Amino acid sequence: MTIYGFCRISSGKSSISLLAQEQEIERILPGEPKKIIKCISSAYRNIPNDMIMFKNISNAYILFCAVDRFSRNVILGSNLAKKILENKNTIHFIRENITLKYAKGFAWDKFIEYLKQSEAESDNISNRVKMAKQFLKRNGYYTSSNVPIGFKKIKLLNGRYKLEVDKNIANIKRFVKFCRTPGTTVRTLNKQLQMCGADTAKDPLILNINPKKLETDLTYNNIADLLNDYSLGKRKWNSSMISRLYNTDNANNSINNNSTDANNSNNAKKYKSENHINKKRKLFAL
């Protein structure tokens, strides 16, 4: 019979817990060789592949430190346990001192009871975290790890964080909106580029059509090339980044309520202004 020991934590911040679980498992059946599996995965949301493999083995003895290291989800956990036991495996939970050989009887009922307790505990923790985040948000703090484009995350003296507008990116965002607005004049584009940090007095954009304004919106690729040519924003721009920047709060920050999104433009006219573009000079002809 092969003996497995399964150690599980929900995040990489609890590596000490993995070591503690491994030591606890080694204490059971001392001297017997064991295959120790370490896994970083939520016990509430899913069943990791390292555990799914137990459905495909037979005649094994599988050790867990506790039921909540097996699963915190009653449906997922009970279904997996049934599949494992069908292949004549044995599951032992050290903390609760439960040994499962069949998906029925007193031991199985206790297992399900502990599963329910684990799920309820996760629900309570989740609710407390949500309440804490709502409290912090109401008080002006930022709790997400993802920073919206156009903002920067500032750490405060109390260890909390808040968002501040990245003025440089905000100016670039405004330039993108102008580029996506048919009828924008070249003078306006040069002025906005100057606010972004480009020296358009010495190196201006020039359009070789009259009147000197965009006949249609520029593509995301066009705009990315412009920003990269002027080395703006301290990054290498691409069409995906421009799209995200443009669509962030776009509905509330439109320059022109009559502007038309490129996706809804008539394909025959969509890039009419590009017929007048000479690639020799930043999409615009000299």
# chains A, B, ... in the order shown; residues from 1 in each chain; ligands from 1
>>> residues_around(residues="Lys167 of chain A", least_positions_apart="6", cutoff="12 Å", atoms="only C-alpha atoms", output="PyMOL selection string")
chain A and resi 149-152+173-174+195-197+233
>>> write_last_selection(atoms="C-alpha atoms", output="PDB file, in the first residue's frame")
ATOM      1  CA  ILE A 149      -4.533  52.615 -15.477  1.00  0.00           C
ATOM      2  CA  GLY A 150      -4.153  56.354 -14.999  1.00  0.00           C
ATOM      3  CA  PHE A 151      -3.641  56.101 -11.229  1.00  0.00           C
ATOM      4  CA  LYS A 152      -0.801  55.319  -8.843  1.00  0.00           C
ATOM      5  CA  LYS A 173      -5.362  59.536 -21.692  1.00  0.00           C
ATOM      6  CA  ARG A 174      -6.773  62.886 -22.759  1.00  0.00           C
ATOM      7  CA  MET A 195       1.233  68.639 -21.938  1.00  0.00           C
ATOM      8  CA  CYS A 196       2.305  64.984 -22.057  1.00  0.00           C
ATOM      9  CA  GLY A 197       5.964  66.013 -22.247  1.00  0.00           C
ATOM     10  CA  GLY A 233       4.603  57.495 -20.478  1.00  0.00           C
TER      11      GLY A 233
END
>>> residues_around(residues="Ile112 of chain A", least_positions_apart="6", cutoff="9 Å", atoms="only C-alpha atoms", output="PyMOL selection string")
chain A and resi 74+77-78
>>> select_by_dssp(residues="segment 116-247 of chain A", states="strand (DSSP E)", output="ChimeraX atom specification")
/A:151-155,161-165
>>> write_last_selection(atoms="C-alpha atoms", output="JSON list (two decimals), in the first residue's frame")
[["chain", "number", "residue", "atom", "x", "y", "z"],
["A", 151, "PHE", "CA", -3.64, 56.10, -11.23],
["A", 152, "LYS", "CA", -0.80, 55.32, -8.84],
["A", 153, "LYS", "CA", -0.94, 53.57, -5.48],
["A", 154, "ILE", "CA", 0.43, 55.60, -2.55],
["A", 155, "LYS", "CA", 1.35, 54.01, 0.78],
["A", 161, "TYR", "CA", -3.00, 52.73, 0.57],
["A", 162, "LYS", "CA", -4.83, 55.31, -1.47],
["A", 163, "LEU", "CA", -5.03, 56.09, -5.17],
["A", 164, "GLU", "CA", -3.77, 59.29, -6.72],
["A", 165, "VAL", "CA", -4.23, 60.41, -10.28]]
>>> residues_around(residues="Ser243 of chain A", least_positions_apart="6", cutoff="10 Å", atoms="only C-alpha atoms", output="PyMOL selection string")
chain A and resi 176+219-221+223-224
>>> write_last_selection(atoms="N, CA and C atoms", output="JSON list (two decimals), in the first residue's frame")
[["chain", "number", "residue", "atom", "x", "y", "z"],
["A", 176, "VAL", "N", -5.29, 60.51, -26.04],
["A", 176, "VAL", "CA", -5.90, 59.36, -26.71],
["A", 176, "VAL", "C", -7.35, 59.67, -27.07],
["A", 219, "THR", "N", -6.65, 54.69, -35.18],
["A", 219, "THR", "CA", -6.68, 53.36, -34.59],
["A", 219, "THR", "C", -5.81, 53.33, -33.34],
["A", 220, "TYR", "N", -6.01, 52.30, -32.51],
["A", 220, "TYR", "CA", -5.19, 52.14, -31.32],
["A", 220, "TYR", "C", -3.72, 51.96, -31.68],
["A", 221, "ASN", "N", -3.47, 51.24, -32.76],
["A", 221, "ASN", "CA", -2.08, 51.05, -33.22],
["A", 221, "ASN", "C", -1.46, 52.38, -33.61],
["A", 223, "ILE", "N", -2.16, 55.36, -32.49],
["A", 223, "ILE", "CA", -1.90, 56.16, -31.30],
["A", 223, "ILE", "C", -0.70, 55.61, -30.53],
["A", 224, "ALA", "N", -0.61, 54.28, -30.43],
["A", 224, "ALA", "CA", 0.54, 53.66, -29.75],
["A", 224, "ALA", "C", 1.84, 54.05, -30.43]]
>>> atom_distance(atom1="atom CA of Val67 of chain A", atom2="atom CA of Ser41 of chain A")
14.7 Å
>>> atom_distance(atom1="atom CA of Met1 of chain A", atom2="atom CA of Gly31 of chain A")
14.1 Å
>>> select_by_dssp(residues="segment 16-181 of chain A", states="helix (DSSP H, G or I)", output="PyMOL selection string")
chain A and resi 16-27+49-56+67-70+74-86+105-138+167-179
>>> atom_distance(atom1="atom CA of His92 of chain A", atom2="atom CA of Ala120 of chain A")
21.9 Å
>>> residues_around(residues="Asp217 of chain A", least_positions_apart="3", cutoff="7 Å", atoms="only C-alpha atoms", output="PDB file with N, CA and C atoms, in the first residue's frame")
ATOM      1  N   CYS A 179      -7.469  61.814 -30.033  1.00  0.00           N
ATOM      2  CA  CYS A 179      -7.146  61.046 -31.240  1.00  0.00           C
ATOM      3  C   CYS A 179      -8.328  60.195 -31.710  1.00  0.00           C
ATOM      4  N   ARG A 180      -9.166  59.804 -30.773  1.00  0.00           N
ATOM      5  CA  ARG A 180     -10.317  58.974 -31.103  1.00  0.00           C
ATOM      6  C   ARG A 180     -11.545  59.802 -31.449  1.00  0.00           C
ATOM      7  N   THR A 181     -11.361  61.124 -31.550  1.00  0.00           N
ATOM      8  CA  THR A 181     -12.491  62.008 -31.802  1.00  0.00           C
ATOM      9  C   THR A 181     -12.359  62.661 -33.180  1.00  0.00           C
ATOM     10  N   PRO A 182     -13.151  62.277 -34.165  1.00  0.00           N
ATOM     11  CA  PRO A 182     -13.116  62.924 -35.480  1.00  0.00           C
ATOM     12  C   PRO A 182     -13.362  64.423 -35.348  1.00  0.00           C
ATOM     13  N   LEU A 214      -8.608  65.909 -37.980  1.00  0.00           N
ATOM     14  CA  LEU A 214      -8.844  64.497 -38.260  1.00  0.00           C
ATOM     15  C   LEU A 214     -10.200  64.308 -38.927  1.00  0.00           C
ATOM     16  N   ALA A 262     -14.782  53.573 -33.084  1.00  0.00           N
ATOM     17  CA  ALA A 262     -14.274  52.993 -34.333  1.00  0.00           C
ATOM     18  C   ALA A 262     -15.020  51.740 -34.730  1.00  0.00           C
TER      19      ALA A 262
END
>>> residues_around(residues="Trp108 of chain A", least_positions_apart="6", cutoff="9 Å", atoms="only C-alpha atoms", output="list in words")
Ile98, Thr99, Leu100, Lys101 and Tyr102 of chain A
>>> residues_around(residues="Cys7 of chain A", least_positions_apart="2", cutoff="10 Å", atoms="only C-alpha atoms", output="list in words")
Tyr4, Gly5, Ile9, Ser17, Leu18, Leu19, Ala20, Gln21, Glu22, Gln23, Glu24, Ile25, Ile36, Ile37, Lys38, Cys39, Ile40, Leu63, Phe64, Cys65, Ala66, Arg69 and Phe70 of chain A
